[in-house]
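Worksheet: the structure to be examined is printed underneath.
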Amino acid sequence: MEFLKMDGITKKFGNAYANKNIVLSVKEGEVHTLLGENGAGKSTLMNILIGLYQPTAGEINLRGEKVKIDTPAKAVKFGIGMVHQHFMLVEAMTVFENIILGTTKESSAFIKKEAMKKEIRELADKYGLNIELDKPITEISVGAQQRVEILKALYRGAELLILDEPTAALTDIEVIGLFQIIRKLTAEKKSVIFISHKMREVLEISDRITVLRAGETIKTLDKEQTTATELANLMIGRELVTSEYSKVIQSGENVLELDQVSFNSSSKHNGICNLSLNLYKGEVLGIAGVDGNGQSQLAQLVTGNLVPEHGTVVLKGDRVSNFVPKHFIDSNVSHIPEDRNKMGLIGNMTVKENLILKSTEKPTISYGKGGFIRKRAIKLFADQMKKKYDIRCASLDQEIRNLSGGNQQKVILARELEEVPEMLVAVHPTRGLDIGATKYVHDKIIDARDQGCGVLLISADFDEVLKLSDRIAVMFEGQILGIYSGQNPPIHEISLAMSGKESERSSSNEIK
Amino acid sequence: MKSNNKFIKIAVPVLAVLLSFLVGAILIACIGGNPAQAYQYLFKGAFGNLSNFGETVVKATPLIFTGLAATFAYKCGVFNLGAEGQFVMGACASIFVSTTFTGLNGVSLLIVSLLSGVIAGGAWGYIPGILKITRGLNEMIVSIMLNYIAILFMGFLYTGPFRDGNLPQTAAVTAKLARFVGNTRIHAGIILALVLALVLYYFLFYTSKGFQLRAVGLNQTASQFNGYPVKKLMLLSFIISGAIAGLGGSVELHGTQFRLMAGFGDGYGFDGVAIALIGQLNPVGTVVVAYLFAVLRAGATTMQVGTGLPTSVIDIIQALVIIFAVAGSAFVNLPHIRQFLANLSSKKAEEV
């Protein structure tokens with residue numbers, strides 16, 4: 001039976017169509033995948049479904065009845081639950097508190113904790129959602145947080161669950177667990193809308209797949225009748241060109257050496273423990289690993305944003321004693337930070353201003369040290385960068401927060417790579433970008449490498465690490481579990497190391 | 001897009017003022033007054049003749065200083081609610097200098113005295129600044145508490161060591177800022193205030209240090225990642241903010257009041273914060289709004305005399321301006337409204 005039918009959905013922002021005459025139907029007990037590049041209109045469509053946006057035209061039917069979903073609360077009432085890519089959890093609260101947050105099931109003024117906990121536990125057992133109710137969110141893994149989000153939606157009576165890129169931050173083993181949960185859900189006649197870019201997963205879990213492109217429905221296909229290649233072609237509307245970058249083997253000069261570096265080493269997720277690493281000039285060293293195994297701390301340590309508690313950091317042959325970002329910047333280290341909006345850009349400043357963020361005191365930008373800025377020179381420079389890096393914006397005087405993610409990232413690239421750095425720390429450089437922008441970023445990183453820059457690439461996207469890295473280091477719980485060649489990398493071994501298996505094996509070896 | 005932003009930045013406070021006067025008119029009608037007549041007296045009191053105009057300017061001068069002090073700190077993302085204390089400390093330092101270094105002649109004494117005000121205000125701003133960056137104390141609370149200390153210290157001065165005769169006040173300073181417009185009380189302080197506003201405007205928007213300071217105010221994390229000395233800039237902006245307020249106190253002393261007594265600088269600090277916010281944290285906007293506040297203050301008495309309406313009506317209008325301006329700024333930042341305004345401007349662009 002058909003649970004949801006979105007018919008002729010059109011959403012206009014100004015004169016641009018975000019959605020144009022989209023048709024989507026989801027059957028009861030089905031996993032329906034929405035596939036499309038960034039900007040294809042998936043998010044807009046889902047925001048319409050959960051009541052954040054009102055469609056310009058078109059109608060939504062639930063179980064054959066026309067409904068109007070004008071608030072998120074209505075969506076919940078109709079049994080639609082969404083697990084956002086970035087979880088909406090209150091970190092300081094416990095799992096239980098997060099689940100009951102905002103529910104109006106309880107009519108009495110007091111919270112009947114035990115009864116509610118019992119109900120939640122039953123629900124969790126039914127779907128195999130293994131969680132500890134009394135732990136604060138900060139102490140549970142990303143996978144567990146996701147289960148909390150799913151449970152939260154189910155507790156609110158969701159019949160249709162929207163999972164927005166649910167596997168992005170999970171290990172392979174966690175993904176298997178998630179898929180088991182999804183299968184249990186569909187066995188209980190719940191429907192799932194699954195949003196993902198990863199073909200393998202899509203083909204594994206979906207019953208049907210709807211491809212969106214440029215705001216329009218391209219096709220809805222049954223899983224059995226399609227292949228990854230066909231889907232990819234439909235999604236991007238052209239043949240997928242897989243660009244393979246040549247790999248290099250460097251062994252000359254180190255641009256960076258870490259020796260037994262520790263920071264907050266007691267924490268498995270936010271610390272670094274006795275980590276040693278070296279980065280050669282002119283190579284890409286990829287750090288593979290699941291998000292939250294100390295990668296953020298590593299990136300911040302080698303850009304001067306954190307001070308190590310133990311160990312030494314040697315940059316271009318000199319031991320670093322002054323851990324401030326300026327020292328690293330002055331030593332020609334560039335940084336593509338993990339969170340571009342929070343760390344890389346100043347949202348309320350203009351594109352132009354963000355382009356010169358690092359060079360305000362350079363003689364080309366201002367007179368003297370900290371003196372008057374040369375507005376005309378800046379405008380010229382910004383115009384050049386706009387052309388060279390293909391930054392698409394209405395005006396360079398536009399506030400940068402109004403640009404798309406890809407264009408924001410291009411601004412960062414222009415700023416960080418225009419003067420070829422000696423070391424580049426790139427953290428999740430393509431997170432949230434579409435295929436075109438991703439390729440652009442990759443090309444630029446390889447260009448920098450070929451000009452002799454040592455690149456430390458930290459990414460949760462394993463494919464990205466495989467594609468770009470000349471050497472691959474696997475990080476797990478603040479340690480490096482192994483370094484592998486980027487040419488014909490042993491993928492199976494690497495993925496085992498990513499889930500921490502390497503340490504178990506080596507320790508068992510020791511016992512023998 | 002940017003011109004659109006600029007338009008909103010001007011439109012919001014202007015609308016806020018118009019709305020406040022509208023609501024004020026209803027209020028006046030409710031208590032049995034004639035709004036048209038009341039406003040007529042209000043503006044007559046503020047600009048009716050040269051001496052009234054002069055009084056408005058005199059009242060605006062200290063407000064410009066405290067408004068600029070608040071603006072400058074806000075721009076760097078720190079909240080200086082202690083402008084009143086810095087204002088008072090500036091005046092205290094000036095009284096000390098003026099009564100101690102009597103060997104100096106007029107102009108040099110005046111300059112030294114004003115400088116001492118700058119230093120004292122800066123030092124008073126240094127305290128919450130350094131406590132914030134080294135110990136993480138909330139600068140708003142520290143700076144407010146320092147206000148009380150400054151006011152009580154001033155009380156100690158004019159009742160104790162610097163008391164002049166029987167009244168609880170200090171002797172008048174001898175070095176005075178020149179008055180230069182007819183027989184009004186307008187003094188050179190207003191020139192200082194206007195020049196300072198321009199200097200700050202150029203500093204913030206035309207120098208790279210000012211750029212860095214604004215960047216820190218808008219996004220501390222990104223500023224740190226891009227190599228700015230975030231803490232140093234915050235401390236610096238607190239010191240400069242304090243110094244501006246301190247200069248204001250010193251100017252008020254040498255230009256208008258001449259002596260310290262109870263009530264000196266009362267309320268200027270918080271009015272400064274409101275002025276900065278309504279002025280959209282722009283030094284030039286701050287000057288305009290400070291003048292508006294002075295108009296309200298100067299005209300209130302005339303209105304009371306002319307119509308019998310209490311001056312508190314004007315206090316209410318002033319409060320309404322603050323509420324409408326702050327609400328308006330928040331309103332245009334609501335996602336729906338932002339969207340609507342963006343649509344509006346894109347349509348406009350199309351028509352052109």
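Every chain in the structure tokens has a letter given in the order shown (A, B, ...), and although residue numbers restart at 1 in each chain, ligands are simply numbered from 1 in the order shown.
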Compute the set of chain A residues within 7 Å of chain B, using only C-alpha atoms, and express it as a ChimeraX atom specification. /A:14,305,325-326,329,342-346,348,357-358,360-361,366,370-373,397-398
Would you mind exporting N, CA and C atoms of the selected residues as a PDB file, in the first residue's frame?
```
ATOM      1  N   GLY A  14      12.568  32.806  -4.936  1.00  0.00           N
ATOM      2  CA  GLY A  14      12.743  33.893  -5.900  1.00  0.00           C
ATOM      3  C   GLY A  14      12.324  33.375  -7.254  1.00  0.00           C
ATOM      4  N   ASN A 305      46.765  25.484  16.589  1.00  0.00           N
ATOM      5  CA  ASN A 305      45.556  25.833  17.329  1.00  0.00           C
ATOM      6  C   ASN A 305      45.420  25.064  18.644  1.00  0.00           C
ATOM      7  N   PRO A 325      48.740  29.919  15.866  1.00  0.00           N
ATOM      8  CA  PRO A 325      48.486  29.792  14.426  1.00  0.00           C
ATOM      9  C   PRO A 325      49.403  30.681  13.588  1.00  0.00           C
ATOM     10  N   LYS A 326      49.702  31.881  14.100  1.00  0.00           N
ATOM     11  CA  LYS A 326      50.489  32.815  13.306  1.00  0.00           C
ATOM     12  C   LYS A 326      51.867  32.256  12.970  1.00  0.00           C
ATOM     13  N   ILE A 329      51.358  29.921  10.136  1.00  0.00           N
ATOM     14  CA  ILE A 329      51.012  30.649   8.913  1.00  0.00           C
ATOM     15  C   ILE A 329      52.257  31.319   8.346  1.00  0.00           C
ATOM     16  N   LYS A 342      32.669  27.784  10.699  1.00  0.00           N
ATOM     17  CA  LYS A 342      33.070  28.182  12.033  1.00  0.00           C
ATOM     18  C   LYS A 342      34.524  28.599  12.065  1.00  0.00           C
ATOM     19  N   MET A 343      35.384  27.843  11.358  1.00  0.00           N
ATOM     20  CA  MET A 343      36.816  28.067  11.510  1.00  0.00           C
ATOM     21  C   MET A 343      37.463  28.760  10.324  1.00  0.00           C
ATOM     22  N   GLY A 344      36.853  28.627   9.171  1.00  0.00           N
ATOM     23  CA  GLY A 344      37.544  29.112   7.986  1.00  0.00           C
ATOM     24  C   GLY A 344      37.080  30.473   7.518  1.00  0.00           C
ATOM     25  N   LEU A 345      35.818  30.765   7.711  1.00  0.00           N
ATOM     26  CA  LEU A 345      35.261  31.975   7.131  1.00  0.00           C
ATOM     27  C   LEU A 345      34.558  32.817   8.182  1.00  0.00           C
ATOM     28  N   ILE A 346      34.403  34.079   7.866  1.00  0.00           N
ATOM     29  CA  ILE A 346      33.623  34.949   8.727  1.00  0.00           C
ATOM     30  C   ILE A 346      32.352  35.285   7.967  1.00  0.00           C
ATOM     31  N   ASN A 348      29.644  36.914   8.220  1.00  0.00           N
ATOM     32  CA  ASN A 348      29.078  38.240   8.016  1.00  0.00           C
ATOM     33  C   ASN A 348      30.019  39.189   7.294  1.00  0.00           C
ATOM     34  N   LEU A 357      41.696  37.472   4.483  1.00  0.00           N
ATOM     35  CA  LEU A 357      41.712  37.270   5.935  1.00  0.00           C
ATOM     36  C   LEU A 357      43.111  37.029   6.482  1.00  0.00           C
ATOM     37  N   LYS A 358      43.897  36.261   5.716  1.00  0.00           N
ATOM     38  CA  LYS A 358      45.219  35.877   6.229  1.00  0.00           C
ATOM     39  C   LYS A 358      46.288  36.891   5.896  1.00  0.00           C
ATOM     40  N   THR A 360      46.080  40.403   5.804  1.00  0.00           N
ATOM     41  CA  THR A 360      45.761  41.814   6.038  1.00  0.00           C
ATOM     42  C   THR A 360      46.995  42.663   6.269  1.00  0.00           C
ATOM     43  N   GLU A 361      48.076  42.023   6.736  1.00  0.00           N
ATOM     44  CA  GLU A 361      49.254  42.842   7.048  1.00  0.00           C
ATOM     45  C   GLU A 361      50.318  42.776   5.961  1.00  0.00           C
ATOM     46  N   SER A 366      47.997  46.094   2.702  1.00  0.00           N
ATOM     47  CA  SER A 366      47.906  47.300   3.522  1.00  0.00           C
ATOM     48  C   SER A 366      49.267  47.985   3.635  1.00  0.00           C
ATOM     49  N   GLY A 370      49.608  46.826   9.700  1.00  0.00           N
ATOM     50  CA  GLY A 370      48.322  47.113  10.306  1.00  0.00           C
ATOM     51  C   GLY A 370      47.796  48.487   9.936  1.00  0.00           C
ATOM     52  N   GLY A 371      48.383  49.105   8.915  1.00  0.00           N
ATOM     53  CA  GLY A 371      47.947  50.439   8.523  1.00  0.00           C
ATOM     54  C   GLY A 371      46.769  50.420   7.565  1.00  0.00           C
ATOM     55  N   PHE A 372      46.642  51.487   6.814  1.00  0.00           N
ATOM     56  CA  PHE A 372      45.495  51.602   5.902  1.00  0.00           C
ATOM     57  C   PHE A 372      45.473  50.477   4.877  1.00  0.00           C
ATOM     58  N   ILE A 373      44.282  49.948   4.624  1.00  0.00           N
ATOM     59  CA  ILE A 373      44.208  48.872   3.641  1.00  0.00           C
ATOM     60  C   ILE A 373      44.011  49.459   2.248  1.00  0.00           C
ATOM     61  N   ASP A 397      31.132  41.828  -2.943  1.00  0.00           N
ATOM     62  CA  ASP A 397      30.738  42.523  -1.720  1.00  0.00           C
ATOM     63  C   ASP A 397      29.585  41.831  -1.021  1.00  0.00           C
ATOM     64  N   GLN A 398      29.266  40.646  -1.503  1.00  0.00           N
ATOM     65  CA  GLN A 398      28.195  39.864  -0.906  1.00  0.00           C
ATOM     66  C   GLN A 398      28.716  39.213   0.377  1.00  0.00           C
TER      67      GLN A 398
END
```
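Using only C-alpha atoms, the contacts of Thr171 (chain A) at a cut-off of 12 Å, with sequence neighbours closer than 6 positions omitted, comprise Ser141, Val142, Gly143, Ala144, Gly177, Leu178, Ala288, Gly289, Val290, Asp291, Gly292, Asn293, Ala460, Asp461, Phe462, Phe476, Ile494, Ser495, Leu496, Ala497, Met498, Ser499 and Gly500 of chain A.
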Just-selected residues, N, CA and C atoms written as a JSON list (two decimals), in the first residue's frame:
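Dumped to out_13.json:
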```
[["chain", "number", "residue", "atom", "x", "y", "z"],
["A", 141, "SER", "N", 29.10, 6.90, 21.25],
["A", 141, "SER", "CA", 29.71, 7.02, 19.92],
["A", 141, "SER", "C", 28.73, 7.63, 18.92],
["A", 142, "VAL", "N", 29.27, 7.99, 17.77],
["A", 142, "VAL", "CA", 28.42, 8.59, 16.73],
["A", 142, "VAL", "C", 27.31, 7.63, 16.31],
["A", 143, "GLY", "N", 27.69, 6.36, 16.19],
["A", 143, "GLY", "CA", 26.70, 5.37, 15.80],
["A", 143, "GLY", "C", 25.56, 5.29, 16.82],
["A", 144, "ALA", "N", 25.94, 5.36, 18.09],
["A", 144, "ALA", "CA", 24.92, 5.29, 19.14],
["A", 144, "ALA", "C", 24.04, 6.54, 19.12],
["A", 177, "GLY", "N", 25.20, -2.64, 11.09],
["A", 177, "GLY", "CA", 24.22, -2.57, 12.19],
["A", 177, "GLY", "C", 23.03, -1.71, 11.81],
["A", 178, "LEU", "N", 23.32, -0.58, 11.19],
["A", 178, "LEU", "CA", 22.24, 0.33, 10.80],
["A", 178, "LEU", "C", 21.31, -0.35, 9.79],
["A", 288, "ALA", "N", 43.22, 8.19, 7.16],
["A", 288, "ALA", "CA", 41.90, 7.56, 7.08],
["A", 288, "ALA", "C", 41.45, 7.24, 8.49],
["A", 289, "GLY", "N", 40.18, 7.11, 8.64],
["A", 289, "GLY", "CA", 39.67, 6.78, 9.96],
["A", 289, "GLY", "C", 38.28, 7.35, 10.12],
["A", 290, "VAL", "N", 37.55, 6.76, 11.04],
["A", 290, "VAL", "CA", 36.20, 7.24, 11.29],
["A", 290, "VAL", "C", 36.29, 8.53, 12.06],
["A", 291, "ASP", "N", 35.43, 9.45, 11.74],
["A", 291, "ASP", "CA", 35.37, 10.74, 12.44],
["A", 291, "ASP", "C", 35.44, 10.56, 13.94],
["A", 292, "GLY", "N", 36.15, 11.47, 14.60],
["A", 292, "GLY", "CA", 36.16, 11.42, 16.05],
["A", 292, "GLY", "C", 37.12, 10.39, 16.59],
["A", 293, "ASN", "N", 38.26, 10.24, 15.97],
["A", 293, "ASN", "CA", 39.31, 9.42, 16.54],
["A", 293, "ASN", "C", 40.58, 10.24, 16.73],
["A", 460, "ALA", "N", 37.04, 11.83, 6.39],
["A", 460, "ALA", "CA", 36.23, 10.69, 6.81],
["A", 460, "ALA", "C", 35.72, 9.93, 5.60],
["A", 461, "ASP", "N", 35.92, 10.51, 4.42],
["A", 461, "ASP", "CA", 35.49, 9.87, 3.18],
["A", 461, "ASP", "C", 36.63, 8.98, 2.68],
["A", 462, "PHE", "N", 36.47, 7.69, 2.88],
["A", 462, "PHE", "CA", 37.53, 6.75, 2.57],
["A", 462, "PHE", "C", 37.91, 6.79, 1.09],
["A", 476, "PHE", "N", 43.09, 5.63, 14.77],
["A", 476, "PHE", "CA", 42.05, 5.02, 15.58],
["A", 476, "PHE", "C", 42.32, 5.36, 17.04],
["A", 494, "ILE", "N", 43.15, -2.02, 5.57],
["A", 494, "ILE", "CA", 42.93, -0.64, 6.04],
["A", 494, "ILE", "C", 41.57, -0.53, 6.72],
["A", 495, "SER", "N", 40.55, -1.14, 6.14],
["A", 495, "SER", "CA", 39.25, -0.97, 6.79],
["A", 495, "SER", "C", 39.21, -1.70, 8.12],
["A", 496, "LEU", "N", 39.95, -2.80, 8.21],
["A", 496, "LEU", "CA", 40.03, -3.46, 9.52],
["A", 496, "LEU", "C", 40.70, -2.53, 10.53],
["A", 497, "ALA", "N", 41.79, -1.88, 10.11],
["A", 497, "ALA", "CA", 42.51, -0.98, 11.01],
["A", 497, "ALA", "C", 41.61, 0.18, 11.44],
["A", 498, "MET", "N", 40.77, 0.61, 10.51],
["A", 498, "MET", "CA", 39.89, 1.74, 10.83],
["A", 498, "MET", "C", 38.92, 1.38, 11.95],
["A", 499, "SER", "N", 38.59, 0.10, 12.07],
["A", 499, "SER", "CA", 37.70, -0.26, 13.17],
["A", 499, "SER", "C", 38.49, -0.80, 14.36],
["A", 500, "GLY", "N", 39.81, -0.57, 14.34],
["A", 500, "GLY", "CA", 40.60, -0.87, 15.53],
["A", 500, "GLY", "C", 41.11, -2.29, 15.59]]
```
Shell around Thr438 (chain A) at 10 Å using only C-alpha atoms, local window under 5 positions removed, as a tab-separated table (two decimals) with C-alpha atoms, in the first residue's frame:
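Final file, around.tsv:
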```tsv
chain	number	residue	atom	x	y	z
A	406	GLY	CA	31.19	24.74	-2.85
A	409	GLN	CA	35.23	26.25	-0.14
A	429	PRO	CA	38.07	19.35	2.16
A	430	THR	CA	35.04	18.24	0.15
A	431	ARG	CA	32.49	17.63	2.87
A	432	GLY	CA	29.07	18.68	1.63
A	433	LEU	CA	30.26	19.51	-1.89
A	443	ASP	CA	42.65	18.86	-8.61
A	444	LYS	CA	43.85	21.83	-6.59
A	464	GLU	CA	38.66	10.43	-1.12
```
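Counting only C-alpha atoms, Thr99 (chain B) has the following residues at most 10 Å away, ignoring those fewer than 3 positions along the same chain: Ser94, Ile95, Phe96, Thr102, Gly103, Leu109, Ser113, Phe162, Thr170, Ala171, Ala172, Val173 and Thr174 of chain B.
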From a DSSP pass on the backbone, collect the residues of region 81-234 of chain A flagged as strand (DSSP E or B) and hand them back as a ChimeraX atom specification. /A:81-83,94,136,160-164,191-195,208-213,216-222
If we count only C-alpha atoms and set the cut-off at 9 Å, which residues sit around Ile458 (chain A), ignoring sequence neighbours fewer than 3 positions away in its own chain? Please answer as a ChimeraX atom specification. /A:285-289,295-296,299,338,425-429,461,465
Selected residues written out with C-alpha atoms, as a short mmCIF file (atom, residue, chain, number, x, y, z; two decimals), in the first residue's frame:
```cif
data_model
loop_
_atom_site.label_atom_id
_atom_site.label_comp_id
_atom_site.auth_asym_id
_atom_site.auth_seq_id
_atom_site.Cartn_x
_atom_site.Cartn_y
_atom_site.Cartn_z
CA LEU A 285 49.60 11.70 3.32
CA GLY A 286 46.02 10.66 3.84
CA ILE A 287 44.69 10.09 7.33
CA ALA A 288 41.90 7.56 7.08
CA GLY A 289 39.67 6.78 9.96
CA GLN A 295 41.74 13.69 13.64
CA SER A 296 40.47 17.14 14.60
CA ALA A 299 44.83 18.96 12.47
CA GLU A 338 37.17 20.99 9.04
CA VAL A 425 46.53 20.61 6.17
CA ALA A 426 43.24 19.77 4.49
CA VAL A 427 40.47 18.48 6.72
CA HIS A 428 37.33 17.06 5.10
CA PRO A 429 38.07 19.35 2.16
CA ASP A 461 35.49 9.87 3.18
CA VAL A 465 41.65 9.26 0.90
#
```
Residues near Gly285 (chain B), anyone? I mean within 10 Å using only C-alpha atoms, not counting same-chain ones fewer than 3 positions away, as number ranges by chain. B: 9-10, 13, 67-68, 71, 197, 275-282, 288-291
Could you save the residues just selected, with C-alpha atoms, as a CSV table (one decimal), in the first residue's frame?
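File produced: again17.csv:
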```csv
chain,number,residue,atom,x,y,z
B,9,LYS,CA,20.7,49.3,8.5
B,10,ILE,CA,19.4,52.8,8.0
B,13,PRO,CA,16.5,52.8,13.2
B,67,GLY,CA,28.2,55.6,22.5
B,68,LEU,CA,31.5,55.3,20.7
B,71,THR,CA,30.5,50.6,19.7
B,197,ALA,CA,34.1,59.3,15.5
B,275,ILE,CA,22.9,54.5,21.3
B,276,ALA,CA,25.6,52.1,19.9
B,277,LEU,CA,23.0,49.4,19.2
B,278,ILE,CA,20.5,51.8,17.6
B,279,GLY,CA,23.3,53.3,15.6
B,280,GLN,CA,24.0,49.8,14.2
B,281,LEU,CA,27.4,49.7,15.8
B,282,ASN,CA,28.7,52.3,13.3
B,288,VAL,CA,23.5,60.6,14.8
B,289,VAL,CA,21.6,58.6,17.5
B,290,ALA,CA,23.5,60.3,20.3
B,291,TYR,CA,22.2,63.6,18.9
```
Near-Lys281 (chain A) list (12 Å; only C-alpha atoms; drop same-chain fewer than 2 positions) as an MDAnalysis selection string: chainID A and resid 248:257 278:279 283:285 315:317 421:424 448:456 470
Do you have the CA of Arg135 (chain B)-CA of Val261 (chain A) distance handy? 27.4 Å
Enumerate as a ChimeraX atom specification all residues of region 3-169 of chain B assigned to helix (DSSP H, G or I) by DSSP on the backbone, naming them with the chain letters and numbers the document uses. /B:3-30,35-47,50-75,83-100,106-135,139-159
